[in-house]
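Colleague: If it helps, the file is called coords-v2.txt and holds compact mmCIF, C-alpha atoms:
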```
# COMPACT_ATOMS: atom_id res chain seq x y z
CA MET A 1 8.64 16.60 14.01
CA LYS A 2 6.25 16.43 11.06
CA ILE A 3 5.36 13.06 9.57
CA ALA A 4 3.33 12.48 6.41
CA VAL A 5 1.81 9.07 5.70
CA CYS A 6 0.60 8.30 2.18
CA ILE A 7 -2.19 5.71 2.10
CA LYS A 8 -4.28 3.96 -0.54
CA GLN A 9 -7.66 2.30 -0.38
CA VAL A 10 -7.68 -1.19 -1.94
CA PRO A 11 -10.11 -4.11 -2.33
CA ASP A 12 -10.27 -6.51 0.60
CA THR A 13 -8.00 -9.52 0.03
CA GLU A 14 -11.06 -11.80 0.24
CA THR A 15 -12.89 -9.91 -2.51
CA ARG A 16 -13.75 -11.89 -5.64
CA ILE A 17 -12.60 -9.55 -8.40
CA LYS A 18 -14.80 -9.08 -11.47
CA LEU A 19 -13.58 -7.26 -14.55
CA ALA A 20 -15.55 -4.46 -16.18
CA ASP A 21 -17.09 -5.14 -19.58
CA ASP A 22 -14.23 -3.37 -21.38
CA LYS A 23 -11.66 -5.55 -19.55
CA LYS A 24 -9.62 -2.43 -18.82
CA SER A 25 -10.69 -1.96 -15.21
CA VAL A 26 -12.26 -3.71 -12.25
CA ASN A 27 -15.99 -3.66 -11.61
CA GLU A 28 -16.20 -1.95 -8.22
CA ASP A 29 -19.79 -2.99 -7.50
CA GLN A 30 -20.04 -4.97 -4.26
CA ILE A 31 -16.32 -4.60 -3.51
CA ASN A 32 -15.40 -4.11 0.13
CA PHE A 33 -12.57 -1.55 0.22
CA ILE A 34 -10.02 -1.37 3.04
CA LEU A 35 -6.90 0.54 4.02
CA ASN A 36 -3.94 -1.01 2.19
CA PRO A 37 -2.29 -3.37 4.77
CA TYR A 38 1.24 -2.13 4.02
CA ASP A 39 0.08 1.47 4.47
CA GLU A 40 -1.48 0.43 7.79
CA LEU A 41 2.03 -0.56 8.91
CA ALA A 42 3.23 2.90 7.87
CA VAL A 43 0.47 4.56 9.93
CA GLU A 44 1.39 2.49 12.98
CA GLU A 45 5.08 3.36 12.64
CA ALA A 46 4.20 7.05 12.38
CA LEU A 47 2.10 6.82 15.53
CA LYS A 48 4.94 5.12 17.42
CA LEU A 49 7.28 7.94 16.38
CA LYS A 50 4.62 10.45 17.40
CA GLU A 51 4.53 8.97 20.89
CA GLN A 52 8.33 9.12 21.13
CA ASN A 53 8.91 12.54 19.58
CA ASP A 54 5.68 14.52 20.04
CA ALA A 55 5.23 14.53 16.27
CA GLU A 56 2.29 15.60 14.10
CA VAL A 57 1.01 12.88 11.74
CA THR A 58 -0.73 13.90 8.52
CA ILE A 59 -2.49 11.38 6.25
CA ILE A 60 -2.34 12.03 2.50
CA SER A 61 -4.45 10.02 0.07
CA LEU A 62 -5.42 10.33 -3.60
CA GLY A 63 -8.68 8.94 -4.92
CA PRO A 64 -12.45 9.30 -5.30
CA ASP A 65 -14.83 10.06 -2.44
CA ARG A 66 -14.93 6.41 -1.34
CA ILE A 67 -11.39 6.68 0.07
CA ILE A 68 -12.70 8.81 2.93
CA SER A 69 -13.42 5.59 4.86
CA ALA A 70 -9.73 4.57 4.63
CA ILE A 71 -8.66 8.06 5.70
CA ARG A 72 -11.03 7.89 8.69
CA SER A 73 -9.55 4.50 9.61
CA ALA A 74 -6.06 6.05 9.78
CA LEU A 75 -7.38 9.01 11.77
CA ALA A 76 -9.12 6.63 14.18
CA MET A 77 -5.80 4.89 14.81
CA GLY A 78 -4.42 8.23 16.04
CA ALA A 79 -3.33 10.44 13.12
CA ASP A 80 -3.85 14.18 13.57
CA ARG A 81 -4.73 15.57 10.13
CA ALA A 82 -5.71 14.35 6.69
CA ILE A 83 -5.54 15.62 3.13
CA HIS A 84 -7.71 14.15 0.39
CA ILE A 85 -6.49 14.70 -3.18
CA LYS A 86 -9.78 14.40 -5.04
CA VAL A 87 -9.87 12.54 -8.35
CA GLU A 88 -12.66 10.57 -10.02
CA LYS A 89 -10.47 7.49 -10.43
CA ILE A 90 -7.08 6.47 -9.08
CA PRO A 91 -4.68 6.63 -12.06
CA ASP A 92 -3.26 3.35 -13.36
CA ASP A 93 0.13 5.00 -13.88
CA PRO A 94 2.11 5.07 -10.58
CA GLY A 95 4.13 7.99 -11.96
CA VAL A 96 0.98 10.13 -12.09
CA VAL A 97 0.10 9.18 -8.52
CA ALA A 98 3.64 9.87 -7.27
CA ALA A 99 3.72 13.30 -8.94
CA ALA A 100 0.44 14.31 -7.28
CA LEU A 101 1.51 13.03 -3.86
CA ALA A 102 4.86 14.79 -4.23
CA GLU A 103 3.15 18.11 -4.91
CA VAL A 104 1.26 17.93 -1.62
CA ILE A 105 4.24 16.56 0.30
CA ARG A 106 6.35 19.45 -0.96
CA GLU A 107 3.76 21.90 0.39
CA GLU A 108 3.66 20.13 3.77
CA SER A 109 7.49 19.89 4.12
CA PRO A 110 7.47 16.89 6.48
CA ASP A 111 10.60 15.57 8.17
CA LEU A 112 9.60 12.00 7.33
CA VAL A 113 7.32 10.37 4.73
CA LEU A 114 5.98 6.88 5.45
CA LEU A 115 3.97 4.59 3.20
CA GLY A 116 3.64 0.92 2.40
CA LYS A 117 6.21 -0.71 0.14
CA GLN A 118 3.38 -1.48 -2.29
CA ALA A 119 -0.39 -1.59 -2.67
CA ILE A 120 -1.95 -5.05 -2.73
CA ASP A 121 -4.19 -4.30 -5.72
CA ASP A 122 -1.80 -3.26 -8.51
CA ASP A 123 1.45 -4.36 -6.79
CA HIS A 124 3.52 -1.71 -8.60
CA ALA A 125 5.82 -1.23 -5.55
CA GLN A 126 7.21 1.93 -7.15
CA ILE A 127 5.73 4.91 -5.29
CA PRO A 128 8.38 5.18 -2.49
CA SER A 129 11.25 5.23 -4.99
CA MET A 130 9.42 7.59 -7.35
CA LEU A 131 8.75 10.02 -4.49
CA GLY A 132 12.42 9.94 -3.60
CA GLN A 133 13.38 10.79 -7.17
CA ILE A 134 10.82 13.60 -7.55
CA LEU A 135 11.48 15.16 -4.14
CA ASP A 136 15.24 14.54 -4.16
CA MET A 137 15.03 12.72 -0.83
CA PRO A 138 16.59 9.43 0.26
CA ALA A 139 14.04 6.62 -0.15
CA VAL A 140 14.47 3.28 1.62
CA THR A 141 11.83 0.62 1.09
CA VAL A 142 10.95 -2.93 2.23
CA ILE A 143 11.73 -1.79 5.80
CA VAL A 144 11.30 -4.18 8.74
CA LYS A 145 12.97 -2.04 11.41
CA LEU A 146 13.33 1.72 11.77
CA GLU A 147 15.34 3.83 14.22
CA ILE A 148 15.45 7.62 14.24
CA ASP A 149 17.86 9.54 16.46
CA GLY A 150 17.66 13.27 15.89
CA GLN A 151 18.33 13.71 12.16
CA ASN A 152 19.84 10.24 11.77
CA VAL A 153 17.82 7.44 10.20
CA LYS A 154 18.80 3.77 10.48
CA ALA A 155 16.61 1.38 8.52
CA GLU A 156 16.79 -2.39 8.19
CA ARG A 157 15.42 -3.73 4.93
CA GLU A 158 14.73 -7.15 3.49
CA VAL A 159 16.85 -8.24 0.54
CA ASP A 160 17.37 -11.58 -1.19
CA GLY A 161 19.27 -13.81 1.18
CA GLY A 162 19.03 -11.61 4.28
CA HIS A 163 18.77 -8.06 5.58
CA GLU A 164 20.78 -4.90 5.00
CA ILE A 165 21.18 -1.74 7.08
CA VAL A 166 20.77 1.64 5.37
CA GLU A 167 21.60 4.92 7.10
CA CYS A 168 20.57 8.38 5.90
CA GLN A 169 19.50 11.79 7.14
CA LEU A 170 16.08 13.38 7.47
CA SER A 171 14.09 14.28 5.47
CA ALA A 172 13.56 10.74 4.17
CA ILE A 173 10.98 8.40 2.64
CA ILE A 174 10.35 4.97 4.15
CA GLY A 175 8.42 2.07 2.57
CA ALA A 176 7.03 -0.33 5.18
CA GLN A 177 7.20 -4.13 4.95
CA ARG A 178 5.46 -6.78 7.05
CA GLY A 179 7.39 -7.35 10.27
CA LEU A 180 7.98 -3.65 10.92
CA ASN A 181 5.27 -3.58 13.59
CA GLU A 182 1.82 -4.82 14.56
CA PRO A 183 -0.83 -2.18 13.71
CA ARG A 184 -3.06 -1.19 16.60
CA TYR A 185 -6.82 -1.43 16.60
CA ALA A 186 -8.72 1.84 16.61
CA SER A 187 -10.33 2.54 19.98
CA LEU A 188 -13.92 3.73 20.33
CA LYS A 189 -12.55 7.08 21.51
CA GLY A 190 -10.33 7.24 18.42
CA ILE A 191 -13.22 6.40 16.10
CA MET A 192 -15.41 9.12 17.64
CA LYS A 193 -12.57 11.65 17.46
CA ALA A 194 -11.85 10.78 13.81
CA ARG A 195 -15.44 11.56 12.84
CA LYS A 196 -14.99 15.14 14.02
CA ILE A 197 -11.74 15.84 12.17
CA THR A 198 -12.19 17.95 9.05
CA ILE A 199 -10.44 16.36 6.08
CA GLU A 200 -8.75 18.96 3.89
CA GLU A 201 -9.57 18.61 0.19
CA LYS A 202 -7.24 19.41 -2.68
CA THR A 203 -7.84 19.33 -6.43
CA LEU A 204 -4.75 19.01 -8.61
CA THR A 205 -4.12 18.89 -12.34
CA LEU A 206 -2.70 15.44 -12.90
CA LYS A 207 0.16 14.90 -15.34
CA ASP A 208 -0.48 12.88 -18.50
CA SER A 209 -0.30 9.14 -18.07
CA ALA A 210 2.53 7.19 -19.69
CA LEU A 211 0.77 3.87 -19.04
CA GLU A 212 -2.08 2.43 -21.08
CA ILE A 213 -4.05 -0.62 -19.96
CA LEU A 214 -4.84 -2.69 -23.04
CA GLU A 215 -6.68 -5.54 -21.36
CA TYR A 216 -6.97 -7.46 -18.11
CA ASN A 217 -7.65 -11.20 -18.18
CA TYR A 218 -8.48 -13.78 -15.56
CA PRO A 219 -5.79 -16.40 -14.89
CA PRO A 220 -6.36 -19.69 -16.73
CA GLU A 221 -8.51 -22.18 -14.90
CA LYS A 222 -6.65 -25.01 -13.25
CA SER A 223 -7.27 -28.54 -14.58
CA PRO A 224 -9.19 -30.79 -12.23
CA GLY A 225 -7.10 -33.01 -9.93
CA LYS A 226 -6.80 -36.77 -10.25
CA ILE A 227 -7.06 -39.38 -7.53
CA ILE A 228 -4.73 -42.22 -8.48
CA GLY A 229 -5.25 -44.38 -5.43
CA ASP A 230 -4.97 -44.51 -1.68
CA SER A 231 -2.15 -47.01 -1.15
CA ALA A 232 1.47 -47.65 -2.08
CA ASP A 233 0.24 -49.51 -5.19
CA ALA A 234 -0.58 -46.14 -6.77
CA VAL A 235 3.00 -44.83 -6.57
CA PRO A 236 4.21 -46.19 -9.97
CA GLU A 237 1.23 -44.67 -11.77
CA LEU A 238 1.70 -41.37 -9.89
CA ILE A 239 5.36 -41.18 -10.91
CA LYS A 240 4.42 -41.93 -14.52
CA LEU A 241 1.82 -39.12 -14.60
CA LEU A 242 4.14 -36.63 -12.91
CA ASN A 243 6.71 -37.39 -15.56
CA GLU A 244 4.57 -37.67 -18.70
CA GLU A 245 1.68 -35.25 -18.01
CA ALA A 246 2.89 -32.77 -15.41
CA GLY A 247 6.50 -32.80 -16.56
CA VAL A 248 7.82 -32.09 -13.07
CA ILE A 249 10.13 -35.10 -12.75
```
Rewrite the structure from the file as structure tokens, please.
Modeller:
Amino acid sequence: MKIAVCIKQVPDTETRIKLADDKKSVNEDQINFILNPYDELAVEEALKLKEQNDAEVTIISLGPDRIISAIRSALAMGADRAIHIKVEKIPDDPGVVAAALAEVIREESPDLVLLGKQAIDDDHAQIPSMLGQILDMPAVTVIVKLEIDGQNVKAEREVDGGHEIVECQLSAIIGAQRGLNEPRYASLKGIMKARKITIEEKTLTLKDSALEILEYNYPPEKSPGKIIGDSADAVPELIKLLNEEAGVI
């Protein structure tokens, strides 16, 4: 069984984001980059399937040289191979990213493609579905439980108001959601082994972008809070302010 896992490197959730001077991108100075948490779930699920089915797990990632650290993190968890699609900057258009990933996936011909349901930086949440469309493969995303029996895939996904079960056949694309598993920590042995793995590099001609970023802006600053009082006597004034100023009652 061949499994491909597409990963992205993203800013740490605790990073204080600063915009570039042109307001069309993020200033990457002093940003701590990490493996996208949803993609980490996808790596863990691939490794569980590897243990059950003697599968080969290949990491595929598109980005500048800095993404090597995220690729090494996935290799340290237990992945076997890695492919780095080299670009100077990760495209803003998810369609461009999906097309490039699809080109490499097509060459690899995996039985299963795993990735996070979304990246926590741009939150597009479109890549799994786009890959399914480009590669003409069933794509099931927001997955919290996955079962594979031979060629049969049974996936449980989160929907508004509950869960639904989707069944399909391999080859398939799965987008991981929190709750699917608990990612393992890389062992010292895994970290040392990952350092020795040669990461294959690919250079592709990216398709033209259909998305243009006009401007990013910081969210408006919140107004300072008010302390009305510390006893029941303050309740009438609080109700008045909630009604007249906040407009919530």
Colleague: Which one of A:Val166, A:Ile197, A:Tyr185, A:Leu115 sits closest to Glu45 in chain A if you count all atoms listed in the file?
Modeller: A:Leu115
Colleague: My list of candidates is A:Glu158, A:Glu164, A:Glu182, A:Glu215. Which is closest to Leu41 in chain A when distances are computed with all atoms listed in the file?
Modeller: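 Under the stated criterion, the closest residue is A:Glu182.
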Colleague: Could you check the closest approach to Ser73 in chain A for each of A:Ser209, A:Thr13, A:Asn152, A:Asn36 and tell me which residue wins, using all atoms listed in the file?
Modeller: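 Smallest separation from Ser73 in chain A among the options: A:Asn36.
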Colleague: Rounded to one decimal in Å, what is the spacing between CA of Asp12 in chain A and CA of Asp122 in chain A?
Modeller: 12.9 Å
Colleague: For Val10 in chain A, which of A:Asp123, A:Gly78, A:Leu114, A:Asp54 is the closest residue, counting all atoms listed in the file?
Modeller: A:Asp123
Colleague: Just checking: using all atoms listed in the file, which residue out of A:Ile173, A:Ala194, A:Ala155, A:Leu62 ends up closest to Asp80 in chain A?
Modeller: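 Using all atoms listed in the file, the shortest distance to Asp80 in chain A belongs to A:Ala194.
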Colleague: Which residues come within 12 Å of Ser187 in chain A, counting only C-alpha atoms, excluding same-chain residues fewer than 4 positions away, as an MDAnalysis selection string?
Modeller: chainID A and resid 73:78 191:194
Colleague: One number please: CA of Ile127 in chain A to CA of Thr203 in chain A, in Å, one decimal.
Modeller: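 According to the coordinates, CA of Ile127 in chain A and CA of Thr203 in chain A are separated by 19.8 Å.
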Colleague: For the atom pair CA of Val57 in chain A and CA of Leu135 in chain A, what is the interatomic distance in Å to one decimal place?
Modeller: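 Taking CA of Val57 in chain A as the start and CA of Leu135 in chain A as the end point, the length is 19.2 Å.
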Colleague: Choose the residue, out of A:Asp39, A:Gln177, A:Glu212, A:Leu204, that has the smallest atom-to-atom separation from Asp93 in chain A; count all atoms listed in the file.
Modeller: A:Glu212
Colleague: At most 12 Å from (4.5, 21.3, 2.9), file frame, all atoms listed in the file: which residues, as a ChimeraX atom specification?
Modeller: /A:2-4,58,60,83,101-113,135
Colleague: What's around Lys23 in chain A at 12 Å? Count only C-alpha atoms, leave out sequence neighbours fewer than 2 positions away in its own chain, and write the answer as a short mmCIF file (atom, residue, chain, number, x, y, z; two decimals) with C-alpha atoms, keeping the file's coordinate frame.
Modeller:
```cif
data_model
loop_
_atom_site.label_atom_id
_atom_site.label_comp_id
_atom_site.auth_asym_id
_atom_site.auth_seq_id
_atom_site.Cartn_x
_atom_site.Cartn_y
_atom_site.Cartn_z
CA ILE A 17 -12.60 -9.55 -8.40
CA LYS A 18 -14.80 -9.08 -11.47
CA LEU A 19 -13.58 -7.26 -14.55
CA ALA A 20 -15.55 -4.46 -16.18
CA ASP A 21 -17.09 -5.14 -19.58
CA SER A 25 -10.69 -1.96 -15.21
CA VAL A 26 -12.26 -3.71 -12.25
CA ASN A 27 -15.99 -3.66 -11.61
CA ILE A 213 -4.05 -0.62 -19.96
CA LEU A 214 -4.84 -2.69 -23.04
CA GLU A 215 -6.68 -5.54 -21.36
CA TYR A 216 -6.97 -7.46 -18.11
CA ASN A 217 -7.65 -11.20 -18.18
CA TYR A 218 -8.48 -13.78 -15.56
#
```
Colleague: Residues within 10 Å of range 161-163 of chain A, please, as a ChimeraX atom specification. Count all atoms listed in the file; anything in the same chain fewer than 6 positions from it doesn't count.
Modeller: /A:142-144
Colleague: Edge lengths and centre in Å to one decimal, as AutoDock Vina command-line options, is what I'm after for the box along x, y and z that holds all listed atoms of range 207-225 of chain A once 6 Å is added on each side.
Modeller:
```
--center_x -3.3 --center_y -9.1 --center_z -16.5 --size_x 23.7 --size_y 59.9 --size_z 25.1
```
Colleague: Could you give me, as a PyMOL selection string, the residues within 12 Å of Ala210 in chain A, counting only C-alpha atoms and dropping anything in the same chain fewer than 4 positions from it?
Modeller: chain A and resi 91-97+206
Colleague: May I ask you to restore N, CA, C and O atoms in range 72-95 of chain A and write the result as a PDB file, keeping the file's coordinate frame?
Modeller:
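Once written, rebuild_24.pdb looks like this:
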```pdb
ATOM      1  N   ARG A  72     -10.465   7.895   7.327  1.00  0.00           N
ATOM      2  CA  ARG A  72     -11.030   7.890   8.690  1.00  0.00           C
ATOM      3  C   ARG A  72     -10.437   6.750   9.513  1.00  0.00           C
ATOM      4  O   ARG A  72     -10.232   6.903  10.726  1.00  0.00           O
ATOM      5  N   SER A  73     -10.160   5.622   8.887  1.00  0.00           N
ATOM      6  CA  SER A  73      -9.550   4.500   9.610  1.00  0.00           C
ATOM      7  C   SER A  73      -8.185   4.896  10.166  1.00  0.00           C
ATOM      8  O   SER A  73      -7.845   4.579  11.307  1.00  0.00           O
ATOM      9  N   ALA A  74      -7.385   5.605   9.334  1.00  0.00           N
ATOM     10  CA  ALA A  74      -6.060   6.050   9.780  1.00  0.00           C
ATOM     11  C   ALA A  74      -6.179   7.107  10.869  1.00  0.00           C
ATOM     12  O   ALA A  74      -5.393   7.117  11.824  1.00  0.00           O
ATOM     13  N   LEU A  75      -7.156   7.995  10.741  1.00  0.00           N
ATOM     14  CA  LEU A  75      -7.380   9.010  11.770  1.00  0.00           C
ATOM     15  C   LEU A  75      -7.823   8.359  13.086  1.00  0.00           C
ATOM     16  O   LEU A  75      -7.409   8.775  14.167  1.00  0.00           O
ATOM     17  N   ALA A  76      -8.646   7.319  12.973  1.00  0.00           N
ATOM     18  CA  ALA A  76      -9.120   6.630  14.180  1.00  0.00           C
ATOM     19  C   ALA A  76      -7.991   5.927  14.906  1.00  0.00           C
ATOM     20  O   ALA A  76      -8.030   5.756  16.131  1.00  0.00           O
ATOM     21  N   MET A  77      -6.961   5.516  14.175  1.00  0.00           N
ATOM     22  CA  MET A  77      -5.800   4.890  14.810  1.00  0.00           C
ATOM     23  C   MET A  77      -5.011   5.910  15.635  1.00  0.00           C
ATOM     24  O   MET A  77      -4.322   5.536  16.587  1.00  0.00           O
ATOM     25  N   GLY A  78      -5.109   7.214  15.249  1.00  0.00           N
ATOM     26  CA  GLY A  78      -4.420   8.230  16.040  1.00  0.00           C
ATOM     27  C   GLY A  78      -3.758   9.341  15.253  1.00  0.00           C
ATOM     28  O   GLY A  78      -3.095  10.200  15.852  1.00  0.00           O
ATOM     29  N   ALA A  79      -3.907   9.351  13.917  1.00  0.00           N
ATOM     30  CA  ALA A  79      -3.330  10.440  13.120  1.00  0.00           C
ATOM     31  C   ALA A  79      -4.026  11.754  13.436  1.00  0.00           C
ATOM     32  O   ALA A  79      -5.174  11.773  13.892  1.00  0.00           O
ATOM     33  N   ASP A  80      -3.337  12.864  13.173  1.00  0.00           N
ATOM     34  CA  ASP A  80      -3.850  14.180  13.570  1.00  0.00           C
ATOM     35  C   ASP A  80      -4.623  14.906  12.483  1.00  0.00           C
ATOM     36  O   ASP A  80      -5.637  15.553  12.762  1.00  0.00           O
ATOM     37  N   ARG A  81      -4.134  14.822  11.243  1.00  0.00           N
ATOM     38  CA  ARG A  81      -4.730  15.570  10.130  1.00  0.00           C
ATOM     39  C   ARG A  81      -4.840  14.647   8.923  1.00  0.00           C
ATOM     40  O   ARG A  81      -4.247  13.577   8.896  1.00  0.00           O
ATOM     41  N   ALA A  82      -5.591  15.125   7.914  1.00  0.00           N
ATOM     42  CA  ALA A  82      -5.710  14.350   6.690  1.00  0.00           C
ATOM     43  C   ALA A  82      -5.946  15.269   5.505  1.00  0.00           C
ATOM     44  O   ALA A  82      -6.636  16.288   5.621  1.00  0.00           O
ATOM     45  N   ILE A  83      -5.363  14.887   4.378  1.00  0.00           N
ATOM     46  CA  ILE A  83      -5.540  15.620   3.130  1.00  0.00           C
ATOM     47  C   ILE A  83      -6.016  14.637   2.072  1.00  0.00           C
ATOM     48  O   ILE A  83      -5.393  13.599   1.836  1.00  0.00           O
ATOM     49  N   HIS A  84      -7.136  14.980   1.440  1.00  0.00           N
ATOM     50  CA  HIS A  84      -7.710  14.150   0.390  1.00  0.00           C
ATOM     51  C   HIS A  84      -7.490  14.833  -0.955  1.00  0.00           C
ATOM     52  O   HIS A  84      -8.023  15.911  -1.207  1.00  0.00           O
ATOM     53  N   ILE A  85      -6.677  14.209  -1.817  1.00  0.00           N
ATOM     54  CA  ILE A  85      -6.490  14.700  -3.180  1.00  0.00           C
ATOM     55  C   ILE A  85      -7.603  14.095  -4.015  1.00  0.00           C
ATOM     56  O   ILE A  85      -7.602  12.900  -4.310  1.00  0.00           O
ATOM     57  N   LYS A  86      -8.577  14.902  -4.398  1.00  0.00           N
ATOM     58  CA  LYS A  86      -9.780  14.400  -5.040  1.00  0.00           C
ATOM     59  C   LYS A  86      -9.578  14.141  -6.526  1.00  0.00           C
ATOM     60  O   LYS A  86      -9.174  15.026  -7.267  1.00  0.00           O
ATOM     61  N   VAL A  87      -9.851  12.915  -6.933  1.00  0.00           N
ATOM     62  CA  VAL A  87      -9.870  12.540  -8.350  1.00  0.00           C
ATOM     63  C   VAL A  87     -11.049  11.584  -8.537  1.00  0.00           C
ATOM     64  O   VAL A  87     -11.511  10.947  -7.590  1.00  0.00           O
ATOM     65  N   GLU A  88     -11.540  11.476  -9.766  1.00  0.00           N
ATOM     66  CA  GLU A  88     -12.660  10.570 -10.020  1.00  0.00           C
ATOM     67  C   GLU A  88     -12.222   9.115  -9.975  1.00  0.00           C
ATOM     68  O   GLU A  88     -12.984   8.239  -9.584  1.00  0.00           O
ATOM     69  N   LYS A  89     -10.981   8.859 -10.376  1.00  0.00           N
ATOM     70  CA  LYS A  89     -10.470   7.490 -10.430  1.00  0.00           C
ATOM     71  C   LYS A  89      -8.975   7.520 -10.130  1.00  0.00           C
ATOM     72  O   LYS A  89      -8.267   8.419 -10.579  1.00  0.00           O
ATOM     73  N   ILE A  90      -8.511   6.547  -9.360  1.00  0.00           N
ATOM     74  CA  ILE A  90      -7.080   6.470  -9.080  1.00  0.00           C
ATOM     75  C   ILE A  90      -6.347   6.109 -10.379  1.00  0.00           C
ATOM     76  O   ILE A  90      -6.687   5.108 -11.022  1.00  0.00           O
ATOM     77  N   PRO A  91      -5.378   6.904 -10.801  1.00  0.00           N
ATOM     78  CA  PRO A  91      -4.680   6.630 -12.060  1.00  0.00           C
ATOM     79  C   PRO A  91      -3.989   5.266 -12.063  1.00  0.00           C
ATOM     80  O   PRO A  91      -3.489   4.806 -11.034  1.00  0.00           O
ATOM     81  N   ASP A  92      -3.966   4.626 -13.231  1.00  0.00           N
ATOM     82  CA  ASP A  92      -3.260   3.350 -13.360  1.00  0.00           C
ATOM     83  C   ASP A  92      -1.750   3.551 -13.336  1.00  0.00           C
ATOM     84  O   ASP A  92      -1.010   2.663 -12.922  1.00  0.00           O
ATOM     85  N   ASP A  93      -1.291   4.709 -13.777  1.00  0.00           N
ATOM     86  CA  ASP A  93       0.130   5.000 -13.880  1.00  0.00           C
ATOM     87  C   ASP A  93       0.669   5.445 -12.512  1.00  0.00           C
ATOM     88  O   ASP A  93       0.276   6.495 -11.998  1.00  0.00           O
ATOM     89  N   PRO A  94       1.577   4.671 -11.889  1.00  0.00           N
ATOM     90  CA  PRO A  94       2.110   5.070 -10.580  1.00  0.00           C
ATOM     91  C   PRO A  94       2.885   6.388 -10.646  1.00  0.00           C
ATOM     92  O   PRO A  94       2.989   7.101  -9.651  1.00  0.00           O
ATOM     93  N   GLY A  95       3.424   6.720 -11.816  1.00  0.00           N
ATOM     94  CA  GLY A  95       4.130   7.990 -11.960  1.00  0.00           C
ATOM     95  C   GLY A  95       3.217   9.187 -11.794  1.00  0.00           C
ATOM     96  O   GLY A  95       3.613  10.216 -11.245  1.00  0.00           O
TER      97      GLY A  95
END
```
